[in-house]
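Below: one structure, written as structure tokens.
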Number of protein chains: 6
Amino acid sequence: MNIFEKTKTLIEALPYIKEYYNKTIVIKYGGNAMISDELKNSVMSDIVLLSLVGMNVVLVHGGGPEINEIMDKLGKKATFVKGVRYTDAETMEIVQMVLCGKVNKSLVQLLNKNGGKAIGLCGLDDSMLLAEKLKSDVDLGLVGEITQVNAAPILKVLEQKYIPVIATVAGGKDGEVYNINADTAAAKIAAAIGAEKLILMTDTKGLLSDINDENSLIPQVSVSEVPALKKQGIIKGGMIPKVDCCVEAVRRGVSRAHIIDGRIPHSLLIEMLSDEGIGTMFV
Amino acid sequence: MNIFEKTKTLIEALPYIKEYYNKTIVIKYGGNAMISDELKNSVMSDIVLLSLVGMNVVLVHGGGPEINEIMDKLGKKATFVKGVRYTDAETMEIVQMVLCGKVNKSLVQLLNKNGGKAIGLCGLDDSMLLAEKLKSDVDLGLVGEITQVNAAPILKVLEQKYIPVIATVAGGKDGEVYNINADTAAAKIAAAIGAEKLILMTDTKGLLSDINDENSLIPQVSVSEVPALKKQGIIKGGMIPKVDCCVEAVRRGVSRAHIIDGRIPHSLLIEMLSDEGIGTMFV
Amino acid sequence: MNIFEKTKTLIEALPYIKEYYNKTIVIKYGGNAMISDELKNSVMSDIVLLSLVGMNVVLVHGGGPEINEIMDKLGKKATFVKGVRYTDAETMEIVQMVLCGKVNKSLVQLLNKNGGKAIGLCGLDDSMLLAEKLKSDVDLGLVGEITQVNAAPILKVLEQKYIPVIATVAGGKDGEVYNINADTAAAKIAAAIGAEKLILMTDTKGLLSDINDENSLIPQVSVSEVPALKKQGIIKGGMIPKVDCCVEAVRRGVSRAHIIDGRIPHSLLIEMLSDEGIGTMFV
Amino acid sequence: MNIFEKTKTLIEALPYIKEYYNKTIVIKYGGNAMISDELKNSVMSDIVLLSLVGMNVVLVHGGGPEINEIMDKLGKKATFVKGVRYTDAETMEIVQMVLCGKVNKSLVQLLNKNGGKAIGLCGLDDSMLLAEKLKSDVDLGLVGEITQVNAAPILKVLEQKYIPVIATVAGGKDGEVYNINADTAAAKIAAAIGAEKLILMTDTKGLLSDINDENSLIPQVSVSEVPALKKQGIIKGGMIPKVDCCVEAVRRGVSRAHIIDGRIPHSLLIEMLSDEGIGTMFV
Amino acid sequence: MNIFEKTKTLIEALPYIKEYYNKTIVIKYGGNAMISDELKNSVMSDIVLLSLVGMNVVLVHGGGPEINEIMDKLGKKATFVKGVRYTDAETMEIVQMVLCGKVNKSLVQLLNKNGGKAIGLCGLDDSMLLAEKLKSDVDLGLVGEITQVNAAPILKVLEQKYIPVIATVAGGKDGEVYNINADTAAAKIAAAIGAEKLILMTDTKGLLSDINDENSLIPQVSVSEVPALKKQGIIKGGMIPKVDCCVEAVRRGVSRAHIIDGRIPHSLLIEMLSDEGIGTMFV
Amino acid sequence: MNIFEKTKTLIEALPYIKEYYNKTIVIKYGGNAMISDELKNSVMSDIVLLSLVGMNVVLVHGGGPEINEIMDKLGKKATFVKGVRYTDAETMEIVQMVLCGKVNKSLVQLLNKNGGKAIGLCGLDDSMLLAEKLKSDVDLGLVGEITQVNAAPILKVLEQKYIPVIATVAGGKDGEVYNINADTAAAKIAAAIGAEKLILMTDTKGLLSDINDENSLIPQVSVSEVPALKKQGIIKGGMIPKVDCCVEAVRRGVSRAHIIDGRIPHSLLIEMLSDEGIGTMFV
């Protein structure tokens, strides 16, 4: 690639930089996209770049694989009920340690190494996330659902030009700590802080009209089309909760929500700064 | 106690409230004083009170017993070399998880429950603490010593009227995470942010002229007297590093450093807001 | 009282300090409670404490006894009509001199001596209080009623962390200076600056259900109950105008108004910072 | 005077308005110039004009004649020692009442009536003036000399676009209130707040080379010439302390100090806003 | 004129200075009143004075005679259609150069010379004026009408205590630059920035009830009377667009609009700072 | 170029964006690089990009060709003395009109069209550039040299997030307007506002060690080497004044000064945001 092609790329990014200047972007990052150290480093580098060109980036993360790893070492068996981790008190303690102490601070360190300025928080800091036990027909233990988001600590940290990195454990009025689904938390946080965009980085290409055909990606979906797409079975399985998060965020004022493929290197930059879109956008 | 005695107490606190209004106080809390839940709650309540009457409180904490507990569960044996935890990579990962993810966030939650507004941080956030491997004649693994304190994140968090709660792990230029002695970290932080006071909450009454006589407490020591007291064997054993922290803090501009007995309920309030002093003050 | 009882008192004050943090409290002080130098000093010390623990205190004062004293010296007879001082031009000059020049500045000096930072003002400063001749069936001379409160000078002085001390003389559009009842002025000021609380320090225990029984104190009254209490003769005589001030303040948005016994040492602290209430609260 | 002459006057004022824009001017006003109501009103109107065209005006006042008047009414004889009022405790009480309660607040009211925004203060407010007993070979009672000026309350009041009006009583560390010479106070205040100009409004034309010839006014004097002028007897009698005030102010950084004739209507405007000077300027 | 008459003038200006303190005044200056260098200098001096006594002055200017002069030199014939300059692309280039490069910057230089602080802008700066081709039955070339005013650059420049001087060329969405009538631009700008007053400096005395009688000036007109005055032929010819500008400004919230005689020396000062009005005021 | 190459370019830009975040860059643009409309548009687009990624860009421009064009139209012959335009009064008027009215505002319009926010200024605005007649052995008319730079208007405009575009005419204390060499002005402005970098966009590749070999570019020169390079004849002819500007800027605190080839599309982006350097850098 010669120098003139390089400048073309920079010039192509210009309108996107303008469009998102000083706008807030909530990025949910987790799952398998977080396992490869190289990919993780490249995602953090992308976030620093977005932050430097003027966006207010908020990083919300999960950490399932790391939790499993520590539970294994502790000889504790992970139990999943309908795809949700059954969380007894001991598990919750491990979840909190791993998410807030290991994953969160490692991402912070990686962002700082890449030239960003990051601060690691969780739902307990300044009572940011308030939760209660998730209502469910089967008991899930300390799995919670968010009842209130206190936007203040996130906005204050953004105001001081930090990238807030958020682990999704939440406190309850009962003094318990609850395990919160990170996609849902990201959607609620995006709505609460008035974000322009929510980006869920996943292990899929996005929404496919034919699940077996990677070329059948649906690039854009209106939230009003979602019920029909569910009926047709196009939105199904593990995609349902992710789409629901996008729908909720858009309904609560976030302009656009995206499901993108976190396994593609620099998918964030491609989505945010180039003419190419990537994944599925909900409007 | 009748109402008139109550008001006398409040009136007695007045000059201390005035003296420390808008001054910064660094409190090191940890060890056995942190084990009892009741005591822990009472210390957090005291900190909230000090914060509400106008002091800028910074809480630095350790967490040895909790680390040991998790290591036990993981079937990993804790090794101590000259009283310092030998920290291999696996241990460091546990230390980080426990300090940043468990102890730190629990203290934050407890402060918030008591009506404070706290944010949990560690040395990795905004690269607050920079460390390198501790120089020592025996290898201690990832035990580090602080080479630089970035005061910015602490000052910014204070400015927004939060109580910063700090876990003492630190990043290295080599990308490693280091385990840092919490007393030393508290002393360096106090100096870096221009604190008025450093308070080390310990498991002792303070400096005793006769180690066997609890009534032989030395209430005040000038830092210039310390070498003589060491020679006389009055400062010895585990007291040496604590006194050294106090000396370093005072030498670097902190007006007063205290070693107080964290086992006494509300020892912080007694020290800060009453005519009674408690423990030993270094000036 | 030992040290542990002391700390209990401080801890007991914590929720009150939290509740009134950065809230505005208007205190009316005057009459006989102001005669004893010791009591006066103790009230000023209490006000400084409330100010230091984060409340915005505004002190409104009267000064009847001091006015009488100077009038005596000047050989001028004080005339009272229905309990109100008949105020001819000469009397008004004396009232202004005594309130603004003597009582006001002495209270300022006393607050400063106790470690506060106070500024003495009157209704003429920045045209804070605008008044016209009080409508009445008998002529009362230059007794006025407030037609407008300019909150700006009080808010500006509070913003600069001063305790404003206010003498209740007011200017008229006619260029006259009017003598204003201090209770009424305090109520109007409290409403105008959006105070949380109005406290009238009086020479009584509060509202008694049986005037002859000091133990019959009514601790709390809803403003809607006041007409009935008047009918029953429980609110009568000199209590009527004081209760009316409380009612007006509450009606205009002040959350709570109190009539407390200024003769009890530290009654302000007891009311504001302890579980014990004192006097009667109007809600 | 026709309209074109009017505009010439306004145009003539332009360079002076520019020169003193946002500069601080301390004006001492008192004595006989304050007796005539018409003159007093016209001086206040001038001060409002200077304030509106962008100068930060501080008004320091005395009030000898009013004090005498009240003392007469109280049947108390004024005693003067070497031109200074002997001030026993009772006299001091009267001085304070008259200066802070009567003269000060009347000037405030008059400034407000003329469209200014004024706040009346005295040396007791925020401990602005600290004094001790004046050292003298004859006892003068509670006559004080200033040992310290706290500029904060004056600067804060100016910052909020108020005209501070200052009565010159001062508190002592001994708890006493002292009577302070207003010329001296004005000079010390001007130095403490970094004023550009000090103007003493007096009952004389300024410094005359021949005391019997009103046309012998010396328009400008360098402070270095003062000792010689004293030797020559040109500066003598009541002029000496006034000149000394000017010298002290200039020595402590005030650019220019003026002695002007307060009896001439609008002498302030003539001095500040026209090509004509008036009185004597010390540089 | 003696000194006492001078001070009378200054005193007379006081209420006007008060009234317009920190208020925004848009002044349209142009045409023949701009030809005489002496008159131009005197207008700039007046503007600086108004600015120094606390008004936020915005100067909008035309420059017809200067444009004609340069066109002559370039051998290009000026064509007028119904009193409006036909503006082909070449003419537009000249108009822009002369207005933005010559007239605008000369006025800025003159204001600065007179002690003001001025910044020269045009409708292109920060896209302040957006225009489209003026709809008209005859083609006028690049004569535009304003479709939008971006108040931000004017308000920001005022906020930094500069006098904005504005040349009335405007950009179109089509990339063209349009020639804008300066009276209309001034009216639209006055409305957009919330000005208190619009003053059109013209070559007439104002609105005359009898065009042949200079003494028949109508000092004040309500905008509701304008249609009737047009019908009666009192508002006619070149006066119509000027009156329409005043009407539009008043309709859009500008309190008062004036047509004054720019040929009278210091007509601005007379209008703004004396009891004499001048010209016709629309309310 | 595929999407992965694109992201590589963006990632490559990251460290440069970080390095120049919130730093000030003065860019001199003019001469032949300004003739092509396409090139001009591309330079403006680059400047907007640099501005959006966080740099404070100041654009200083010349306009020789445009001046010549208008002079031709006016039938006025341009005279050059030693490469400098002889500037009589008539020429100066044209220079001012063309630079401030045509070139400056066109660049502003182009920047705004590309999504920037620009304000056009010249040396007369807020007396930004003060000049006197250039000392020279032959008379050059109104060619001036800068004696003082008032940084305030530039800093204020930057503070409000505008791109200041500066035409290099300057006012003299004598009331004249002077024609200033744009390279020199850029260097002096860069020094006065504490710029990090000065970039002269020229019609050359940079400094060549062999003038006939475009591949002999010297990428970096220390200012201490300049005298030797002049002696060797490597810096000669038209390159001398450009190099002197760079040397002066570096001597006065600008970290780096560059001579780059403005004819290469996007040379600014290549220089500022890629690993490739371009032209010659003076350190």
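Chains: A, B, ... in order of the structure tokens. Residues: from 1 per chain. Ligands: from 1, in order shown.
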
**Request:** Please determine the contact residues of chain A with respect to chain F at a cut-off of 6 Å, counting only C-alpha atoms, and supply them as a ChimeraX atom specification.
**Result:** /A:6,9,14,49,53

**Item:** Residue neighbourhood region 195-211 of chain F, 6 Å, only C-alpha atoms, exclusion window fewer than 4 positions, as a count of residues only
**Value:** 22

**Request:** Enumerate as a PyMOL selection string all residues of region 49-213 of chain E assigned to strand (DSSP E) by DSSP on the backbone, naming them with the chain letters and numbers the document uses.
**Result:** chain E and resi 56-61+80-81+84-85+118-122+129-133+144-149+163-167+169-172+177-179+197-202

**Request:** Please provide the set of residues having any atom within 12 Å of Ser136 (chain A), restricted to only C-alpha atoms, with same-chain residues fewer than 3 positions apart removed, written as a ChimeraX atom specification.
**Result:** /A:81-82,84,86,132-133,139-145

Quick one: write out the picked residues with C-alpha atoms as a PDB file, in the first residue's frame?
```pdb
ATOM      1  CA  VAL A  81     -29.603 -22.988  33.381  1.00  0.00           C
ATOM      2  CA  LYS A  82     -31.084 -22.059  29.977  1.00  0.00           C
ATOM      3  CA  VAL A  84     -27.475 -18.488  32.175  1.00  0.00           C
ATOM      4  CA  TYR A  86     -26.441 -20.411  38.022  1.00  0.00           C
ATOM      5  CA  GLU A 132     -32.618  -7.095  42.146  1.00  0.00           C
ATOM      6  CA  LYS A 133     -32.886 -10.856  41.772  1.00  0.00           C
ATOM      7  CA  ASP A 139     -34.008 -20.209  40.392  1.00  0.00           C
ATOM      8  CA  LEU A 140     -30.774 -18.714  39.041  1.00  0.00           C
ATOM      9  CA  GLY A 141     -29.285 -17.697  42.376  1.00  0.00           C
ATOM     10  CA  LEU A 142     -27.640 -14.280  42.413  1.00  0.00           C
ATOM     11  CA  VAL A 143     -28.331 -13.453  38.794  1.00  0.00           C
ATOM     12  CA  GLY A 144     -29.805  -9.974  38.811  1.00  0.00           C
ATOM     13  CA  GLU A 145     -31.574  -7.536  36.596  1.00  0.00           C
TER      14      GLU A 145
END
```

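For the residues A:Lys102, A:Lys156, A:Lys40, A:Arg85, ranking by smallest atom-to-atom distance to Met128 (chain A) using only C-alpha atoms places A:Lys156 first.
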
**Message:** Which of region 17-176 of chain C end up as alpha helix (DSSP H) when DSSP is run on this backbone - answer as a PyMOL selection string?
**Reply:** chain C and resi 17-19+37-52+64-73+89-96+104-113+152-159

**Request:** Extract, using only C-alpha atoms, all DNA, RNA and protein residues at most 10 Å from Ala170 (chain B), discarding same-chain residues fewer than 2 positions from it, and format them as number ranges by chain.
**Result:** A: 109; B: 96, 122-125, 127-132, 143-149, 167-168, 172, 176-180, 185

With N, CA and C atoms retained, could you export that selection as a PDB file, in the first residue's frame?
```pdb
ATOM      1  N   GLN A 109      -5.262  -1.771  31.905  1.00  0.00           N
ATOM      2  CA  GLN A 109      -3.813  -1.741  31.702  1.00  0.00           C
ATOM      3  C   GLN A 109      -3.475  -1.764  30.209  1.00  0.00           C
TER       4      GLN A 109
ATOM      5  N   GLN B  96      -4.161  -9.817  42.595  1.00  0.00           N
ATOM      6  CA  GLN B  96      -4.883  -8.770  41.856  1.00  0.00           C
ATOM      7  C   GLN B  96      -6.395  -8.979  41.932  1.00  0.00           C
ATOM      8  N   CYS B 122      -7.269   1.030  41.438  1.00  0.00           N
ATOM      9  CA  CYS B 122      -6.026   0.373  41.809  1.00  0.00           C
ATOM     10  C   CYS B 122      -4.890   1.076  41.075  1.00  0.00           C
ATOM     11  N   GLY B 123      -3.687   0.642  41.309  1.00  0.00           N
ATOM     12  CA  GLY B 123      -2.533   1.306  40.718  1.00  0.00           C
ATOM     13  C   GLY B 123      -2.495   1.240  39.206  1.00  0.00           C
ATOM     14  N   LEU B 124      -3.329   0.382  38.614  1.00  0.00           N
ATOM     15  CA  LEU B 124      -3.350   0.287  37.155  1.00  0.00           C
ATOM     16  C   LEU B 124      -4.220   1.368  36.519  1.00  0.00           C
ATOM     17  N   ASP B 125      -5.191   1.863  37.256  1.00  0.00           N
ATOM     18  CA  ASP B 125      -6.099   2.870  36.693  1.00  0.00           C
ATOM     19  C   ASP B 125      -5.340   4.153  36.387  1.00  0.00           C
ATOM     20  N   SER B 127      -2.718   4.450  35.079  1.00  0.00           N
ATOM     21  CA  SER B 127      -1.302   4.226  35.431  1.00  0.00           C
ATOM     22  C   SER B 127      -0.919   4.977  36.700  1.00  0.00           C
ATOM     23  N   MET B 128      -1.769   4.850  37.722  1.00  0.00           N
ATOM     24  CA  MET B 128      -1.575   5.612  38.951  1.00  0.00           C
ATOM     25  C   MET B 128      -0.272   5.261  39.668  1.00  0.00           C
ATOM     26  N   LEU B 129       0.002   3.957  39.783  1.00  0.00           N
ATOM     27  CA  LEU B 129       1.244   3.539  40.445  1.00  0.00           C
ATOM     28  C   LEU B 129       2.129   2.816  39.429  1.00  0.00           C
ATOM     29  N   LEU B 130       3.343   3.294  39.273  1.00  0.00           N
ATOM     30  CA  LEU B 130       4.305   2.656  38.401  1.00  0.00           C
ATOM     31  C   LEU B 130       5.346   1.974  39.301  1.00  0.00           C
ATOM     32  N   ALA B 131       5.647   0.703  38.968  1.00  0.00           N
ATOM     33  CA  ALA B 131       6.559  -0.025  39.866  1.00  0.00           C
ATOM     34  C   ALA B 131       7.616  -0.770  39.067  1.00  0.00           C
ATOM     35  N   GLU B 132       8.642  -1.195  39.765  1.00  0.00           N
ATOM     36  CA  GLU B 132       9.596  -2.136  39.188  1.00  0.00           C
ATOM     37  C   GLU B 132       9.852  -3.217  40.241  1.00  0.00           C
ATOM     38  N   VAL B 143       7.014  -9.008  43.562  1.00  0.00           N
ATOM     39  CA  VAL B 143       6.875  -7.957  44.560  1.00  0.00           C
ATOM     40  C   VAL B 143       7.576  -6.722  44.011  1.00  0.00           C
ATOM     41  N   GLY B 144       6.883  -5.594  44.012  1.00  0.00           N
ATOM     42  CA  GLY B 144       7.442  -4.411  43.371  1.00  0.00           C
ATOM     43  C   GLY B 144       7.661  -3.264  44.324  1.00  0.00           C
ATOM     44  N   GLU B 145       8.420  -2.293  43.870  1.00  0.00           N
ATOM     45  CA  GLU B 145       8.477  -1.038  44.624  1.00  0.00           C
ATOM     46  C   GLU B 145       8.093   0.106  43.699  1.00  0.00           C
ATOM     47  N   ILE B 146       7.416   1.050  44.242  1.00  0.00           N
ATOM     48  CA  ILE B 146       6.849   2.148  43.444  1.00  0.00           C
ATOM     49  C   ILE B 146       7.970   3.059  42.970  1.00  0.00           C
ATOM     50  N   THR B 147       7.971   3.368  41.671  1.00  0.00           N
ATOM     51  CA  THR B 147       8.960   4.316  41.146  1.00  0.00           C
ATOM     52  C   THR B 147       8.329   5.654  40.829  1.00  0.00           C
ATOM     53  N   GLN B 148       7.000   5.645  40.690  1.00  0.00           N
ATOM     54  CA  GLN B 148       6.332   6.905  40.351  1.00  0.00           C
ATOM     55  C   GLN B 148       4.859   6.826  40.740  1.00  0.00           C
ATOM     56  N   VAL B 149       4.338   7.937  41.282  1.00  0.00           N
ATOM     57  CA  VAL B 149       2.907   8.019  41.576  1.00  0.00           C
ATOM     58  C   VAL B 149       2.291   9.081  40.678  1.00  0.00           C
ATOM     59  N   ALA B 167      -6.571  -0.084  45.800  1.00  0.00           N
ATOM     60  CA  ALA B 167      -5.882  -1.368  45.983  1.00  0.00           C
ATOM     61  C   ALA B 167      -4.469  -1.210  45.431  1.00  0.00           C
ATOM     62  N   THR B 168      -3.498  -1.743  46.185  1.00  0.00           N
ATOM     63  CA  THR B 168      -2.104  -1.418  45.864  1.00  0.00           C
ATOM     64  C   THR B 168      -1.432  -2.457  44.982  1.00  0.00           C
ATOM     65  N   GLY B 172       4.081  -2.283  35.725  1.00  0.00           N
ATOM     66  CA  GLY B 172       5.473  -2.000  35.413  1.00  0.00           C
ATOM     67  C   GLY B 172       5.616  -1.593  33.963  1.00  0.00           C
ATOM     68  N   GLU B 176       4.294  -6.059  33.385  1.00  0.00           N
ATOM     69  CA  GLU B 176       3.916  -6.903  34.512  1.00  0.00           C
ATOM     70  C   GLU B 176       3.024  -6.134  35.483  1.00  0.00           C
ATOM     71  N   VAL B 177       2.335  -6.887  36.332  1.00  0.00           N
ATOM     72  CA  VAL B 177       1.645  -6.275  37.456  1.00  0.00           C
ATOM     73  C   VAL B 177       2.416  -6.680  38.708  1.00  0.00           C
ATOM     74  N   TYR B 178       2.638  -5.707  39.602  1.00  0.00           N
ATOM     75  CA  TYR B 178       3.413  -5.980  40.810  1.00  0.00           C
ATOM     76  C   TYR B 178       2.566  -5.852  42.062  1.00  0.00           C
ATOM     77  N   ASN B 179       2.922  -6.647  43.043  1.00  0.00           N
ATOM     78  CA  ASN B 179       2.320  -6.634  44.357  1.00  0.00           C
ATOM     79  C   ASN B 179       3.076  -5.615  45.208  1.00  0.00           C
ATOM     80  N   ILE B 180       2.357  -4.658  45.771  1.00  0.00           N
ATOM     81  CA  ILE B 180       3.012  -3.557  46.479  1.00  0.00           C
ATOM     82  C   ILE B 180       2.566  -3.556  47.924  1.00  0.00           C
ATOM     83  N   ALA B 185       2.785   2.083  49.918  1.00  0.00           N
ATOM     84  CA  ALA B 185       1.988   2.755  48.894  1.00  0.00           C
ATOM     85  C   ALA B 185       1.245   3.945  49.497  1.00  0.00           C
TER      86      ALA B 185
END
```

**Request:** May I ask for the distance between CA of Glu248 (chain A) and CA of Leu229 (chain A), given in Å to one decimal place?
**Result:** 16.0 Å

**Asked** Which residues, written as a ChimeraX atom specification, have at least one atom at most 10 Å from region 64-75 of chain C, with only C-alpha atoms counted and residues fewer than 2 positions away on the same chain left out?
**Response** /C:30-32,34-35,61-62,77-78,85,90-91,94-99,102-103 /D:70-75,94

Restrict the selected residues to N, CA and C atoms and save them as an mmCIF file, in the first residue's frame.
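Contents of selection38.cif, as written:
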```
data_model
loop_
_atom_site.group_PDB
_atom_site.id
_atom_site.type_symbol
_atom_site.label_atom_id
_atom_site.label_comp_id
_atom_site.auth_asym_id
_atom_site.auth_seq_id
_atom_site.Cartn_x
_atom_site.Cartn_y
_atom_site.Cartn_z
ATOM 1 N N GLY C 30 -33.003 35.828 68.721
ATOM 2 C CA GLY C 30 -33.253 37.162 69.271
ATOM 3 C C GLY C 30 -33.866 37.069 70.650
ATOM 4 N N GLY C 31 -34.394 38.181 71.086
ATOM 5 C CA GLY C 31 -35.110 38.246 72.346
ATOM 6 C C GLY C 31 -34.244 37.901 73.545
ATOM 7 N N ASN C 32 -34.855 37.239 74.523
ATOM 8 C CA ASN C 32 -34.144 37.008 75.780
ATOM 9 C C ASN C 32 -33.005 36.015 75.631
ATOM 10 N N MET C 34 -30.891 36.082 73.696
ATOM 11 C CA MET C 34 -29.701 36.794 73.243
ATOM 12 C C MET C 34 -29.070 37.609 74.369
ATOM 13 N N ILE C 35 -29.725 37.656 75.509
ATOM 14 C CA ILE C 35 -29.211 38.537 76.563
ATOM 15 C C ILE C 35 -27.975 37.953 77.243
ATOM 16 N N HIS C 61 -31.560 38.131 62.875
ATOM 17 C CA HIS C 61 -31.660 38.450 64.299
ATOM 18 C C HIS C 61 -32.540 39.667 64.553
ATOM 19 N N GLY C 62 -33.070 39.734 65.750
ATOM 20 C CA GLY C 62 -33.748 40.918 66.252
ATOM 21 C C GLY C 62 -32.825 41.620 67.226
ATOM 22 N N LYS C 77 -38.823 57.265 75.521
ATOM 23 C CA LYS C 77 -39.681 56.209 76.032
ATOM 24 C C LYS C 77 -40.150 55.306 74.913
ATOM 25 N N ALA C 78 -39.977 54.012 75.110
ATOM 26 C CA ALA C 78 -40.472 53.050 74.125
ATOM 27 C C ALA C 78 -41.972 52.904 74.300
ATOM 28 N N ARG C 85 -43.683 47.730 68.612
ATOM 29 C CA ARG C 85 -43.042 48.982 68.982
ATOM 30 C C ARG C 85 -43.537 50.103 68.063
ATOM 31 N N GLU C 90 -37.440 59.161 64.902
ATOM 32 C CA GLU C 90 -36.299 59.142 65.811
ATOM 33 C C GLU C 90 -36.036 57.724 66.314
ATOM 34 N N THR C 91 -37.137 57.048 66.645
ATOM 35 C CA THR C 91 -36.998 55.658 67.096
ATOM 36 C C THR C 91 -36.381 54.791 65.984
ATOM 37 N N ILE C 94 -32.787 55.035 65.832
ATOM 38 C CA ILE C 94 -32.148 54.267 66.909
ATOM 39 C C ILE C 94 -32.191 52.766 66.585
ATOM 40 N N VAL C 95 -33.363 52.294 66.124
ATOM 41 C CA VAL C 95 -33.501 50.884 65.781
ATOM 42 C C VAL C 95 -32.438 50.479 64.760
ATOM 43 N N GLN C 96 -32.290 51.311 63.719
ATOM 44 C CA GLN C 96 -31.316 51.000 62.669
ATOM 45 C C GLN C 96 -29.890 50.948 63.226
ATOM 46 N N MET C 97 -29.551 51.968 64.023
ATOM 47 C CA MET C 97 -28.205 52.026 64.591
ATOM 48 C C MET C 97 -27.915 50.817 65.451
ATOM 49 N N VAL C 98 -28.880 50.460 66.282
ATOM 50 C CA VAL C 98 -28.649 49.377 67.234
ATOM 51 C C VAL C 98 -28.595 48.038 66.516
ATOM 52 N N LEU C 99 -29.597 47.796 65.637
ATOM 53 C CA LEU C 99 -29.644 46.495 64.974
ATOM 54 C C LEU C 99 -28.462 46.318 64.016
ATOM 55 N N LYS C 102 -24.814 47.673 66.063
ATOM 56 C CA LYS C 102 -24.364 47.085 67.329
ATOM 57 C C LYS C 102 -24.604 45.575 67.347
ATOM 58 N N VAL C 103 -25.865 45.174 67.330
ATOM 59 C CA VAL C 103 -26.181 43.752 67.479
ATOM 60 C C VAL C 103 -25.584 42.940 66.310
ATOM 61 N N ILE D 70 -25.063 62.157 68.008
ATOM 62 C CA ILE D 70 -25.665 61.140 68.885
ATOM 63 C C ILE D 70 -25.111 61.258 70.302
ATOM 64 N N MET D 71 -23.809 61.541 70.398
ATOM 65 C CA MET D 71 -23.250 61.691 71.741
ATOM 66 C C MET D 71 -23.937 62.827 72.484
ATOM 67 N N ASP D 72 -24.152 63.922 71.762
ATOM 68 C CA ASP D 72 -24.892 65.034 72.359
ATOM 69 C C ASP D 72 -26.236 64.568 72.897
ATOM 70 N N LYS D 73 -26.960 63.846 72.063
ATOM 71 C CA LYS D 73 -28.290 63.383 72.471
ATOM 72 C C LYS D 73 -28.214 62.502 73.712
ATOM 73 N N LEU D 74 -27.130 61.723 73.781
ATOM 74 C CA LEU D 74 -26.956 60.834 74.923
ATOM 75 C C LEU D 74 -26.361 61.574 76.117
ATOM 76 N N GLY D 75 -26.126 62.868 75.927
ATOM 77 C CA GLY D 75 -25.575 63.654 77.027
ATOM 78 C C GLY D 75 -24.150 63.275 77.363
ATOM 79 N N ILE D 94 -20.941 53.776 70.855
ATOM 80 C CA ILE D 94 -21.679 54.763 70.062
ATOM 81 C C ILE D 94 -21.050 54.892 68.675
#
```

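For the pair CA of Asp183 (chain E) and CA of Lys242 (chain E), the separation is 6.8 Å.
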
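Separating CA of Asp174 (chain F) from CA of Cys100 (chain E) is a distance of 22.6 Å.
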